[in-house]
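Dropping protein.cif in here (mmCIF, C-alpha atoms):
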data_upload
#
loop_
_atom_site.label_atom_id
_atom_site.label_comp_id
_atom_site.auth_asym_id
_atom_site.auth_seq_id
_atom_site.Cartn_x
_atom_site.Cartn_y
_atom_site.Cartn_z
CA MET T 5 -8.85 -59.67 210.67
CA ARG T 6 -7.59 -59.45 214.19
CA ARG T 7 -4.06 -60.02 213.01
CA ARG T 8 -4.32 -57.27 210.44
CA ILE T 9 -5.44 -54.76 213.03
CA THR T 10 -2.74 -55.61 215.55
CA LEU T 11 0.12 -54.27 213.50
CA PRO T 12 -1.32 -50.80 212.92
CA VAL T 13 -2.34 -50.53 216.55
CA LEU T 14 1.11 -51.46 217.75
CA THR T 15 2.59 -49.06 215.25
CA VAL T 16 0.35 -46.28 216.48
CA ALA T 17 1.31 -47.06 220.04
CA ALA T 18 5.00 -46.94 219.16
CA LEU T 19 4.54 -43.71 217.28
CA LEU T 20 2.60 -42.09 220.09
CA VAL T 21 5.29 -43.09 222.53
CA SER T 22 7.96 -41.64 220.30
CA MET T 23 5.94 -38.45 219.83
CA PHE T 24 5.46 -37.95 223.52
CA LEU T 25 9.09 -38.68 224.19
CA ALA T 26 9.97 -36.11 221.60
CA ALA T 27 7.46 -33.61 222.97
CA PRO T 28 9.80 -31.68 225.29
CA ALA T 29 12.02 -30.96 222.32
CA GLN T 30 9.20 -29.44 220.24
CA ALA T 31 9.84 -26.04 221.78
CA HIS T 32 10.41 -23.13 220.60
CA GLY T 33 13.05 -20.34 220.63
CA TYR T 34 16.20 -18.65 221.89
CA ILE T 35 18.59 -15.82 221.09
CA SER T 36 21.43 -16.72 218.73
CA ASN T 37 22.97 -13.28 218.16
CA PRO T 38 24.45 -12.03 220.37
CA PRO T 39 24.68 -15.64 221.53
CA SER T 40 22.65 -16.54 224.61
CA ARG T 41 24.04 -18.96 227.16
CA GLN T 42 22.18 -21.86 225.54
CA ALA T 43 23.58 -20.81 222.16
CA MET T 44 27.08 -20.74 223.66
CA CYS T 45 26.51 -24.31 224.83
CA ALA T 46 24.96 -25.49 221.55
CA GLN T 47 27.78 -24.08 219.43
CA GLY T 48 30.41 -25.69 221.66
CA ARG T 49 31.98 -22.51 223.01
CA VAL T 50 31.09 -23.51 226.56
CA ALA T 51 31.66 -27.17 227.32
CA ASN T 52 29.89 -29.66 229.58
CA CYS T 53 26.49 -28.03 229.45
CA GLY T 54 24.45 -31.24 229.46
CA ASP T 55 21.22 -31.73 227.49
CA ILE T 56 20.86 -28.08 226.56
CA ILE T 57 23.31 -28.54 223.70
CA TRP T 58 20.72 -30.64 221.85
CA GLU T 59 17.77 -28.38 222.50
CA PRO T 60 18.75 -24.78 223.15
CA GLN T 61 15.22 -23.86 222.05
CA SER T 62 13.62 -25.67 224.97
CA VAL T 63 14.23 -23.36 227.94
CA GLU T 64 10.53 -23.23 228.71
CA ALA T 65 9.11 -22.57 232.16
CA PRO T 66 6.16 -20.81 233.79
CA LYS T 67 6.09 -17.07 233.30
CA GLY T 68 7.59 -14.65 235.78
CA SER T 69 10.97 -16.14 236.63
CA MET T 70 14.13 -14.02 236.78
CA GLN T 71 16.42 -17.01 236.33
CA CYS T 72 18.25 -17.87 233.13
CA ASN T 73 16.66 -21.33 233.04
CA GLY T 74 13.25 -19.94 233.95
CA GLY T 75 13.35 -21.62 237.34
CA GLY T 76 12.50 -25.02 235.89
CA SER T 77 14.01 -28.32 236.86
CA ARG T 78 16.13 -28.60 233.74
CA PHE T 79 19.14 -26.71 232.42
CA ALA T 80 20.33 -25.34 235.77
CA VAL T 81 23.75 -24.92 234.18
CA LEU T 82 22.38 -21.75 232.58
CA ASN T 83 22.11 -20.13 236.02
CA ASP T 84 25.71 -20.94 236.91
CA ASN T 85 27.62 -17.66 236.75
CA SER T 86 30.86 -19.46 237.55
CA ARG T 87 30.91 -20.97 234.05
CA ASN T 88 32.81 -17.99 232.55
CA TRP T 89 30.17 -17.31 229.94
CA PRO T 90 31.83 -15.46 227.06
CA ALA T 91 30.56 -11.87 226.87
CA THR T 92 29.89 -10.42 223.44
CA SER T 93 31.21 -6.91 222.86
CA VAL T 94 28.41 -4.48 221.99
CA GLY T 95 27.56 -0.81 221.99
CA GLN T 96 24.57 0.89 223.62
CA ASN T 97 22.10 -0.35 221.00
CA VAL T 98 21.89 -4.09 220.65
CA THR T 99 19.82 -6.12 218.23
CA PHE T 100 18.75 -9.41 219.78
CA ASN T 101 18.08 -12.03 217.11
CA TRP T 102 15.96 -15.09 217.87
CA VAL T 103 15.87 -18.58 216.43
CA ILE T 104 12.24 -19.69 216.45
CA THR T 105 11.11 -23.28 216.08
CA ALA T 106 7.43 -22.75 216.83
CA ARG T 107 5.45 -19.62 216.06
CA HIS T 108 3.54 -19.28 219.28
CA ALA T 109 0.99 -16.53 219.70
CA THR T 110 2.90 -14.01 221.76
CA SER T 111 1.91 -11.56 224.43
CA THR T 112 5.24 -9.84 225.10
CA TRP T 113 8.99 -10.02 224.75
CA GLU T 114 10.75 -8.61 227.81
CA TYR T 115 14.39 -7.72 228.46
CA PHE T 116 15.87 -7.27 231.94
CA VAL T 117 19.17 -6.22 233.44
CA GLY T 118 19.20 -7.14 237.11
CA ASN T 119 15.67 -6.45 238.30
CA THR T 120 15.07 -3.61 235.86
CA ARG T 121 13.04 -4.20 232.76
CA ILE T 122 14.89 -2.24 230.09
CA ALA T 123 12.61 -3.06 227.15
CA VAL T 124 9.28 -4.67 226.34
CA PHE T 125 7.69 -5.41 222.98
CA ASP T 126 3.94 -6.09 223.03
CA ASP T 127 2.80 -8.37 220.20
CA ARG T 128 -0.82 -8.46 221.48
CA GLY T 129 -1.27 -12.13 220.72
CA ALA T 130 0.20 -12.05 217.24
CA GLN T 131 2.28 -14.94 215.95
CA PRO T 132 5.91 -14.12 215.23
CA GLY T 133 7.60 -14.80 211.93
CA SER T 134 10.17 -17.53 211.61
CA THR T 135 12.80 -15.30 213.16
CA LYS T 136 12.58 -12.23 215.35
CA ALA T 137 14.83 -9.23 216.01
CA HIS T 138 14.50 -6.56 218.70
CA ASN T 139 16.60 -3.45 219.04
CA VAL T 140 17.23 -2.64 222.69
CA ASN T 141 18.98 0.37 224.18
CA LEU T 142 21.05 -0.49 227.23
CA GLY T 143 20.35 2.85 228.89
CA GLY T 144 23.94 3.94 229.45
CA ARG T 145 25.05 0.76 231.19
CA THR T 146 28.66 -0.15 230.57
CA GLY T 147 30.95 -3.03 231.39
CA ARG T 148 29.89 -6.61 231.75
CA ILE T 149 26.15 -7.23 232.10
CA THR T 150 23.77 -10.14 231.72
CA VAL T 151 20.51 -9.50 229.89
CA LEU T 152 17.60 -11.81 230.68
CA ALA T 153 15.09 -12.14 227.84
CA ARG T 154 11.59 -13.58 228.33
CA TRP T 155 9.31 -14.59 225.47
CA ASN T 156 5.82 -14.72 226.97
CA VAL T 157 3.49 -17.02 225.07
CA ALA T 158 -0.05 -15.66 224.80
CA ASP T 159 -2.12 -18.82 225.07
CA THR T 160 -0.19 -20.88 227.61
CA PRO T 161 1.18 -20.10 231.11
CA MET T 162 4.68 -20.58 229.76
CA ALA T 163 7.58 -18.40 228.70
CA PHE T 164 10.91 -19.05 227.02
CA TYR T 165 14.03 -17.75 228.71
CA ALA T 166 17.43 -16.71 227.43
CA CYS T 167 20.33 -14.97 229.17
CA VAL T 168 22.83 -13.05 227.07
CA ASP T 169 26.20 -11.98 228.48
CA LEU T 170 27.46 -8.69 227.10
CA GLN T 171 30.51 -6.50 227.39
CA VAL T 172 29.18 -3.04 226.78
CA GLY T 173 31.54 -0.49 225.28
CA GLY T 174 30.85 3.12 224.44
CA SER T 175 28.62 4.13 221.56
CA GLY T 176 27.52 2.52 218.35
CA GLY T 177 25.65 -0.63 217.56
CA ASN T 178 26.71 -4.24 217.39
CA PRO T 179 30.40 -4.66 216.64
CA ASP T 180 31.38 -4.79 213.01
CA PRO T 181 31.51 -8.54 212.40
CA ASP T 182 33.91 -8.14 209.51
CA PRO T 183 36.43 -5.38 210.25
CA ASP T 184 39.27 -4.84 207.83
CA PRO T 185 42.40 -5.89 209.67
CA PRO T 186 45.47 -3.88 208.81
CA THR T 187 48.18 -6.48 209.26
CA CYS T 188 49.17 -9.95 208.30
CA GLY T 189 48.53 -11.15 211.81
CA ASP T 190 50.43 -13.38 214.17
CA PRO T 191 51.11 -16.98 213.16
CA TRP T 192 48.13 -19.26 213.73
CA ASN T 193 48.26 -21.20 217.00
CA ALA T 194 46.26 -24.37 217.56
CA GLY T 195 45.56 -23.56 221.20
CA THR T 196 44.42 -19.97 220.75
CA VAL T 197 40.77 -19.00 220.71
CA TYR T 198 40.00 -16.74 217.74
CA ASN T 199 36.85 -14.66 217.54
CA GLY T 200 35.16 -13.56 214.32
CA GLY T 201 37.34 -10.99 212.54
CA ALA T 202 40.64 -12.25 213.98
CA VAL T 203 43.50 -12.42 211.49
CA VAL T 204 46.41 -14.85 211.43
CA SER T 205 49.16 -15.84 209.06
CA TYR T 206 49.56 -19.45 208.03
CA ASN T 207 51.49 -21.10 205.20
CA GLY T 208 52.42 -17.74 203.76
CA ARG T 209 48.85 -16.52 203.53
CA LYS T 210 46.63 -14.26 205.56
CA TRP T 211 43.45 -15.76 207.00
CA GLN T 212 40.49 -14.18 208.74
CA ALA T 213 38.26 -16.02 211.18
CA GLN T 214 34.59 -15.72 210.29
CA TRP T 215 33.39 -16.75 213.74
CA TRP T 216 34.71 -18.20 216.98
CA THR T 217 37.16 -21.03 216.46
CA GLN T 218 39.86 -23.01 218.17
CA GLY T 219 42.10 -25.78 216.86
CA GLU T 220 40.94 -25.58 213.24
CA ALA T 221 43.92 -24.88 210.99
CA PRO T 222 43.40 -22.35 208.18
CA GLY T 223 42.90 -24.01 204.84
CA THR T 224 41.57 -27.24 206.32
CA THR T 225 38.00 -26.21 207.01
CA GLY T 226 36.55 -26.43 203.52
CA GLN T 227 35.04 -23.85 201.23
CA TRP T 228 32.59 -22.56 203.80
CA GLY T 229 34.88 -23.10 206.75
CA VAL T 230 35.73 -20.69 209.49
CA TRP T 231 38.93 -19.29 207.92
CA ARG T 232 38.61 -17.03 204.91
CA ASP T 233 41.69 -16.79 202.71
CA GLN T 234 42.79 -13.14 202.44
CA GLY T 235 45.63 -13.75 200.00
CA ALA T 236 49.39 -14.06 200.20
CA CYS T 237 51.24 -12.04 202.77
CA MET P 30 -0.46 -27.24 225.77
CA ALA P 31 -1.14 -30.79 226.81
CA TRP P 32 -4.52 -30.88 225.09
CA ARG P 33 -2.95 -29.63 221.92
CA ARG P 34 -0.43 -32.40 221.95
CA ALA P 35 -3.24 -34.83 222.56
CA VAL P 36 -5.15 -33.47 219.59
CA VAL P 37 -2.09 -33.75 217.42
CA ALA P 38 -1.48 -37.26 218.65
CA VAL P 39 -5.02 -38.28 217.83
CA VAL P 40 -4.82 -36.70 214.39
CA ALA P 41 -1.52 -38.45 213.83
CA ALA P 42 -2.95 -41.72 215.07
CA VAL P 43 -5.86 -41.47 212.66
CA ALA P 44 -3.44 -40.66 209.88
CA VAL P 45 -1.27 -43.58 210.78
CA LEU P 46 -4.25 -45.90 210.85
CA ALA P 47 -5.26 -44.63 207.44
CA LEU P 48 -1.75 -45.05 206.11
CA ALA P 49 -1.38 -48.46 207.66
CA GLY P 50 -4.70 -49.41 206.14
CA CYS P 51 -3.40 -48.29 202.77
CA ALA P 52 -0.26 -50.30 203.10
CA GLU P 53 -2.05 -53.43 204.22
CA GLY P 54 -4.75 -53.20 201.61
CA GLY P 55 -2.55 -52.17 198.70
CA GLY P 56 -2.61 -55.63 197.18
CA THR P 57 -6.09 -55.31 195.71
CA ALA P 58 -5.12 -52.65 193.16
CA ALA P 59 -1.59 -53.66 192.20
CA PRO P 60 -1.31 -57.41 191.99
CA ALA P 61 2.24 -57.86 190.75
CA ALA P 62 4.94 -55.86 192.52
CA ALA P 63 6.17 -57.79 195.50
CA LYS P 64 6.42 -54.88 197.88
CA PRO P 65 9.36 -54.62 200.21
CA ALA P 66 7.14 -55.19 203.20
CA ASP P 67 9.66 -54.20 205.79
CA HIS P 68 8.57 -50.63 206.21
CA ASN P 69 6.06 -49.37 208.71
CA ALA P 70 3.81 -46.36 209.14
CA THR P 71 6.52 -44.38 210.89
CA ASP P 72 8.82 -44.85 207.91
CA VAL P 73 6.11 -43.56 205.60
CA MET P 74 5.26 -40.63 207.85
CA PHE P 75 8.95 -39.81 208.24
CA LEU P 76 9.56 -39.76 204.51
CA GLN P 77 6.43 -37.75 203.80
CA MET P 78 7.36 -35.25 206.47
CA MET P 79 10.88 -35.06 205.07
CA LEU P 80 9.46 -34.10 201.68
CA ALA P 81 7.18 -31.54 203.30
CA HIS P 82 10.16 -30.28 205.27
CA HIS P 83 12.50 -30.08 202.29
CA GLU P 84 10.15 -28.18 200.01
CA PRO P 85 10.31 -24.82 201.81
CA VAL P 86 13.94 -25.40 202.80
CA ALA P 87 14.87 -25.74 199.14
CA LYS P 88 13.37 -22.29 198.54
CA LEU P 89 15.13 -20.90 201.60
CA LEU P 90 18.49 -22.30 200.49
CA ASP P 91 18.02 -21.05 196.96
CA LEU P 92 17.44 -17.57 198.36
CA GLY P 93 20.47 -17.90 200.61
CA ALA P 94 22.70 -19.02 197.76
CA ARG P 95 21.72 -16.01 195.68
CA GLN P 96 21.42 -13.30 198.29
CA ALA P 97 23.76 -13.99 201.22
CA SER P 98 26.34 -11.26 201.63
CA ARG P 99 29.01 -13.43 203.26
CA PRO P 100 30.56 -15.85 200.76
CA GLU P 101 30.75 -18.71 203.25
CA VAL P 102 27.02 -18.37 203.96
CA ALA P 103 26.23 -18.49 200.25
CA ALA P 104 28.56 -21.47 199.78
CA LEU P 105 26.93 -23.29 202.66
CA ALA P 106 23.50 -22.62 201.17
CA ARG P 107 24.60 -24.00 197.79
CA GLU P 108 26.03 -27.15 199.33
CA LEU P 109 22.95 -27.78 201.47
CA ALA P 110 20.70 -27.13 198.49
CA ALA P 111 22.45 -29.90 196.58
CA THR P 112 22.12 -32.30 199.52
CA THR P 113 18.47 -31.41 199.94
CA ALA P 114 17.74 -32.06 196.27
CA GLU P 115 19.49 -35.43 196.43
CA GLU P 116 17.55 -36.46 199.50
CA THR P 117 14.28 -35.34 197.97
CA ALA P 118 14.94 -37.51 194.90
CA THR P 119 15.91 -40.52 197.03
CA ILE P 120 12.89 -40.22 199.30
CA THR P 121 10.50 -39.71 196.41
CA GLY P 122 11.89 -42.88 194.80
CA TRP P 123 11.39 -44.88 197.98
CA LEU P 124 7.81 -43.78 198.54
CA GLU P 125 6.93 -44.47 194.92
CA SER P 126 8.51 -47.91 195.00
CA TRP P 127 6.57 -48.65 198.17
CA GLY P 128 3.35 -47.51 196.52
CA GLU P 129 2.86 -44.83 199.16
CA PRO P 130 1.63 -41.28 198.56
CA LEU P 131 4.19 -38.49 198.65
CA THR P 132 2.05 -36.33 200.90
CA SER P 133 -0.48 -36.85 203.61
CA ASP P 134 -3.29 -34.49 204.49
CA ALA P 135 -2.68 -35.14 208.15
CA HIS P 136 0.69 -33.45 208.37
CA PRO P 137 -0.31 -29.78 208.22
CA ASP P 138 -2.30 -30.44 211.39
CA ALA P 139 0.95 -31.23 213.12
CA HIS P 140 1.59 -27.51 213.05
CA ALA P 141 -1.10 -27.11 215.70
CA ALA P 142 1.63 -27.89 218.20
CA HIS P 143 3.85 -25.30 216.59
CA GLY P 144 1.52 -22.35 216.98
CA GLY P 145 -0.66 -23.18 214.00
CA LEU P 146 1.66 -21.87 211.30
CA PRO P 147 4.41 -23.67 209.44
CA LEU P 148 7.83 -22.34 210.27
CA LEU P 149 8.57 -21.37 206.69
CA ASP P 150 5.78 -20.22 204.43
CA ASP P 151 5.86 -18.06 201.33
CA ALA P 152 5.16 -14.91 203.33
CA GLU P 153 8.19 -15.57 205.53
CA LEU P 154 10.36 -16.24 202.51
CA ALA P 155 9.15 -13.04 200.85
CA ALA P 156 9.98 -11.10 204.02
CA LEU P 157 13.44 -12.61 204.01
CA ALA P 158 13.95 -11.78 200.35
CA ALA P 159 13.34 -8.11 201.17
CA ARG P 160 16.35 -8.05 203.50
CA THR P 161 19.91 -7.29 202.45
CA GLY P 162 23.48 -7.49 203.69
CA ALA P 163 24.30 -8.67 207.18
CA ASP P 164 20.63 -8.36 208.13
CA PHE P 165 19.76 -10.94 205.47
CA ASP P 166 22.51 -13.30 206.59
CA THR P 167 21.39 -13.21 210.22
CA ALA P 168 17.73 -13.80 209.39
CA PHE P 169 18.57 -16.50 206.84
CA LEU P 170 20.80 -18.39 209.28
CA ASN P 171 18.27 -18.11 212.10
CA MET P 172 15.47 -19.42 209.87
CA LEU P 173 17.68 -22.29 208.78
CA ILE P 174 18.69 -23.10 212.36
CA GLY P 175 15.06 -23.08 213.50
CA HIS P 176 14.19 -25.48 210.73
CA GLU P 177 17.12 -27.74 211.53
CA HIS P 178 16.05 -28.03 215.16
CA GLY P 179 12.75 -29.34 213.85
CA ALA P 180 14.58 -31.78 211.61
CA VAL P 181 16.40 -33.25 214.61
CA GLU P 182 13.02 -34.22 216.10
CA LEU P 183 12.00 -35.83 212.83
CA MET P 184 15.17 -37.95 212.74
CA ARG P 185 14.63 -39.07 216.32
CA MET P 186 11.06 -40.12 215.48
CA GLU P 187 12.34 -42.33 212.67
CA THR P 188 15.33 -43.82 214.47
CA ALA P 189 13.07 -44.67 217.42
CA GLY P 190 9.98 -45.90 215.57
CA GLY P 191 10.91 -46.66 211.97
CA ARG P 192 11.61 -50.10 210.59
CA HIS P 193 13.00 -49.89 207.05
CA PRO P 194 16.80 -50.11 207.21
CA ASP P 195 17.39 -47.58 204.45
CA ALA P 196 15.03 -45.03 205.95
CA LYS P 197 16.51 -45.51 209.41
CA ALA P 198 20.04 -45.22 208.01
CA LEU P 199 19.06 -41.99 206.29
CA ALA P 200 17.69 -40.62 209.55
CA THR P 201 20.81 -41.64 211.44
CA ARG P 202 23.04 -40.05 208.83
CA ILE P 203 21.10 -36.79 208.76
CA ASP P 204 20.96 -36.69 212.55
CA ALA P 205 24.76 -36.96 212.70
CA ALA P 206 25.11 -34.23 210.05
CA LEU P 207 22.78 -31.98 212.04
CA ARG P 208 24.85 -32.47 215.17
CA ASP P 209 27.80 -31.02 213.27
CA ARG P 210 25.92 -28.42 211.33
CA ILE P 211 23.81 -26.73 214.01
CA PRO P 212 26.89 -25.68 216.04
CA LEU P 213 28.52 -24.47 212.84
CA LEU P 214 25.45 -22.41 211.92
CA LEU P 215 25.29 -20.99 215.43
CA ARG P 216 28.90 -19.92 215.22
CA MET P 217 28.26 -18.37 211.83
CA VAL P 218 25.28 -16.38 213.04
CA ALA P 219 27.09 -15.29 216.19
CA GLY P 220 29.71 -13.65 213.92
#
If you took the structure in this file and wrote it as structure tokens, what would it be?
Amino acid sequence: MRRRITLPVLTVAALLVSMFLAAPAQAHGYISNPPSRQAMCAQGRVANCGDIIWEPQSVEAPKGSMQCNGGGSRFAVLNDNSRNWPATSVGQNVTFNWVITARHATSTWEYFVGNTRIAVFDDRGAQPGSTKAHNVNLGGRTGRITVLARWNVADTPMAFYACVDLQVGGSGGNPDPDPDPPTCGDPWNAGTVYNGGAVVSYNGRKWQAQWWTQGEAPGTTGQWGVWRDQGAC
Amino acid sequence: MAWRRAVVAVVAAVAVLALAGCAEGGGTAAPAAAKPADHNATDVMFLQMMLAHHEPVAKLLDLGARQASRPEVAALARELAATTAEETATITGWLESWGEPLTSDAHPDAHAAHGGLPLLDDAELAALAARTGADFDTAFLNMLIGHEHGAVELMRMETAGGRHPDAKALATRIDAALRDRIPLLLRMVAG
């Protein structure tokens, strides 16, 4: 009898250990569009970010911080403004889209530029859906800005933090992700960084990048790859 | 937060004990089949959670394949749907050959640590189905990414605590695929 009990107990112990080890990664949410700093790291656009690339959803820290990592001990890279975070081009109205991995009861979602809170959405303890989108007006700000977003959980002292770097143009909403390019485009270059919508020529055909890419030759990235074939040119 | 994790852990522990009890005591009912005894409770929990995980994802991917406005998003959804269906069949076969149930009552309680609701339920899928165009694509990709982050944790649980070589190999393979796919999805959703 004793022998039969030992195995399950050991198994439970192992499982509990693995669960607790996994616990920090259970969290919880971040902004993917326009990409937050953790999303830039996780998608590989910014290199050498450390652990954040495996858990961009885990920037959890006590409420009230104005730092991109929430002032916690982890993910300090997110506070490092010298990292040349790519800034997404936007207009005055921006829709911030969240990836959510746990639907925590929510008090508020807050958005800051500098020390000014430019938007707040009060969910009054409701649980979000499996994704979330907020439309925020940037209040006439132009040029390069960093927006700090805070997701304040209702039933814990914690919040989730995300900083989004933006290049704010004139009017209009988010940039058209799929503009119609007029020309055949310059020849593709392996070292060039192409953003979504960029057009190149390669092997006698026109190709359009569907998202950020570097070093992936058109025609080699599979049927749902980054380069969309636009026909001969 | 901590107490919630503790509750989940206790629930899981009870579940594991129950499962382990099942596995150990299975011989009374089915005398013949020499069971491949080299699986443990983590393997079983992993496979059951994979099935529970795949069920709503299959619906999500089906929706994405039909309704995505960008062709590469639809193509991705179709390809992942095929992979998901294959994995579901494989996992179901393993659990049945091990004489283990395909579901466990304990698992919904795991959502206590996730705010009390599963990430993808029918209401969420219905809300997604009401969207169109670029708005649909963004929401679809974000829902998929959120789910994939959860899958990473599941793979780590199995690679750390599982025993059956096939189940561990599956977890390792999916984990590697997720490491490639999550950045791809993030680039897609960033536009």
Give me, as a Markdown table, the closest atom pair and its distance (Å, one decimal) for every residue of chain T within a cut-off of 6 Å of chain P, counting all atoms listed in the file, rows sorted by chain and rising number.
| residue | atom | partner | partner_atom | distance |
| --- | --- | --- | --- | --- |
| T:Pro12 | CA | P:Ala49 | CA | 5.8 |
| T:Val16 | CA | P:Ala42 | CA | 5.8 |
| T:Ser22 | CA | P:Met186 | CA | 5.9 |
| T:Asn37 | CA | P:Ala219 | CA | 5.0 |
| T:Pro38 | CA | P:Ala219 | CA | 5.9 |
| T:Pro39 | CA | P:Ala219 | CA | 5.9 |
| T:Ala46 | CA | P:Pro212 | CA | 5.8 |
| T:Gln47 | CA | P:Pro212 | CA | 3.9 |
| T:Val103 | CA | P:Asn171 | CA | 5.0 |
| T:Ile104 | CA | P:Gly175 | CA | 5.3 |
| T:Thr105 | CA | P:Gly175 | CA | 4.7 |
| T:Ala106 | CA | P:His143 | CA | 4.4 |
| T:Arg107 | CA | P:Gly144 | CA | 4.9 |
| T:His108 | CA | P:Gly144 | CA | 4.3 |
| T:Ser134 | CA | P:Leu148 | CA | 5.5 |
| T:Thr135 | CA | P:Met172 | CA | 5.9 |
| T:Pro181 | CA | P:Gly220 | CA | 5.6 |
| T:Gly200 | CA | P:Gly220 | CA | 5.5 |
| T:Trp215 | CA | P:Gly220 | CA | 4.8 |
| T:Trp228 | CA | P:Glu101 | CA | 4.3 |
d(atom CA of T:Leu152, atom CA of T:Ala130) in Å: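 For atom CA of T:Leu152 relative to atom CA of T:Ala130, the distance reads 22.0 Å.
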Selection under test: the PyMOL selection byres ((chain T and resi 124) around 12); residues as a ChimeraX atom specification: /T:111-116,120-123,125-128,138-141,152-156
All residues 12 Å or closer to T:Gly75, all atoms listed in the file, same chain fewer than 6 positions away omitted, as a VMD selection string: chain T and resid 63 to 69 81 to 83 162 to 166
Could you list the residues chosen by the PyMOL selection byres ((chain T and resi 221) around 10) in this structure as an mmCIF file with C-alpha atoms, keeping the file's coordinate frame?
data_model
loop_
_atom_site.group_PDB
_atom_site.id
_atom_site.type_symbol
_atom_site.label_atom_id
_atom_site.label_comp_id
_atom_site.auth_asym_id
_atom_site.auth_seq_id
_atom_site.Cartn_x
_atom_site.Cartn_y
_atom_site.Cartn_z
ATOM 1 C CA TRP T 192 48.130 -19.260 213.730
ATOM 2 C CA ASN T 193 48.260 -21.200 217.000
ATOM 3 C CA ALA T 194 46.260 -24.370 217.560
ATOM 4 C CA TYR T 206 49.560 -19.450 208.030
ATOM 5 C CA TRP T 211 43.450 -15.760 207.000
ATOM 6 C CA THR T 217 37.160 -21.030 216.460
ATOM 7 C CA GLN T 218 39.860 -23.010 218.170
ATOM 8 C CA GLY T 219 42.100 -25.780 216.860
ATOM 9 C CA GLU T 220 40.940 -25.580 213.240
ATOM 10 C CA PRO T 222 43.400 -22.350 208.180
ATOM 11 C CA GLY T 223 42.900 -24.010 204.840
ATOM 12 C CA THR T 224 41.570 -27.240 206.320
ATOM 13 C CA THR T 225 38.000 -26.210 207.010
ATOM 14 C CA VAL T 230 35.730 -20.690 209.490
ATOM 15 C CA TRP T 231 38.930 -19.290 207.920
#
Using all atoms listed in the file: which of P:Ala205, P:Ala110, P:Met184, P:Ala196 has the shortest distance to P:Leu92: P:Ala110
Residues matched by the PyMOL selection byres ((chain T and resi 101) around 7) as a list in words: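 Against this file, the PyMOL selection byres ((chain T and resi 101) around 7) returns the residues Ile35, Ser36, Asn37, Thr99, Phe100, Trp102, Val103, Lys136, Ala137 and His138 of chain T.
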Point-to-point distance from atom CA of P:Trp127 to atom CA of P:Asp91, Å rounded to tenths: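 Between atom CA of P:Trp127 and atom CA of P:Asp91 the gap works out to 29.9 Å.
Rounded to one decimal, atom CA of P:Thr119 and atom CA of P:Leu80 lie 10.2 Å from each other.
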Shell of 9 Å around P:Thr161, only C-alpha atoms, local chain residues under 6 positions omitted, as a ChimeraX atom specification: /P:96-98
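When all atoms listed in the file are used to compute distances to P:Leu124, the closest of the residues P:Ala180, P:Lys197, P:His68, P:Leu207 turns out to be P:His68.
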Contacts of P:Ala114 at 12 Å (all atoms listed in the file; same-chain gap of 6+ positions) as an MDAnalysis selection string: chainID P and resid 79:80 82:88 90:91 107:108 120:121
Nearest to T:Ala202 by atom-to-atom distance, counting only C-alpha atoms, from T:Pro90, T:Gly48, T:Gly147, T:Gly189: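 Closest residue, counting only C-alpha atoms: T:Gly189.
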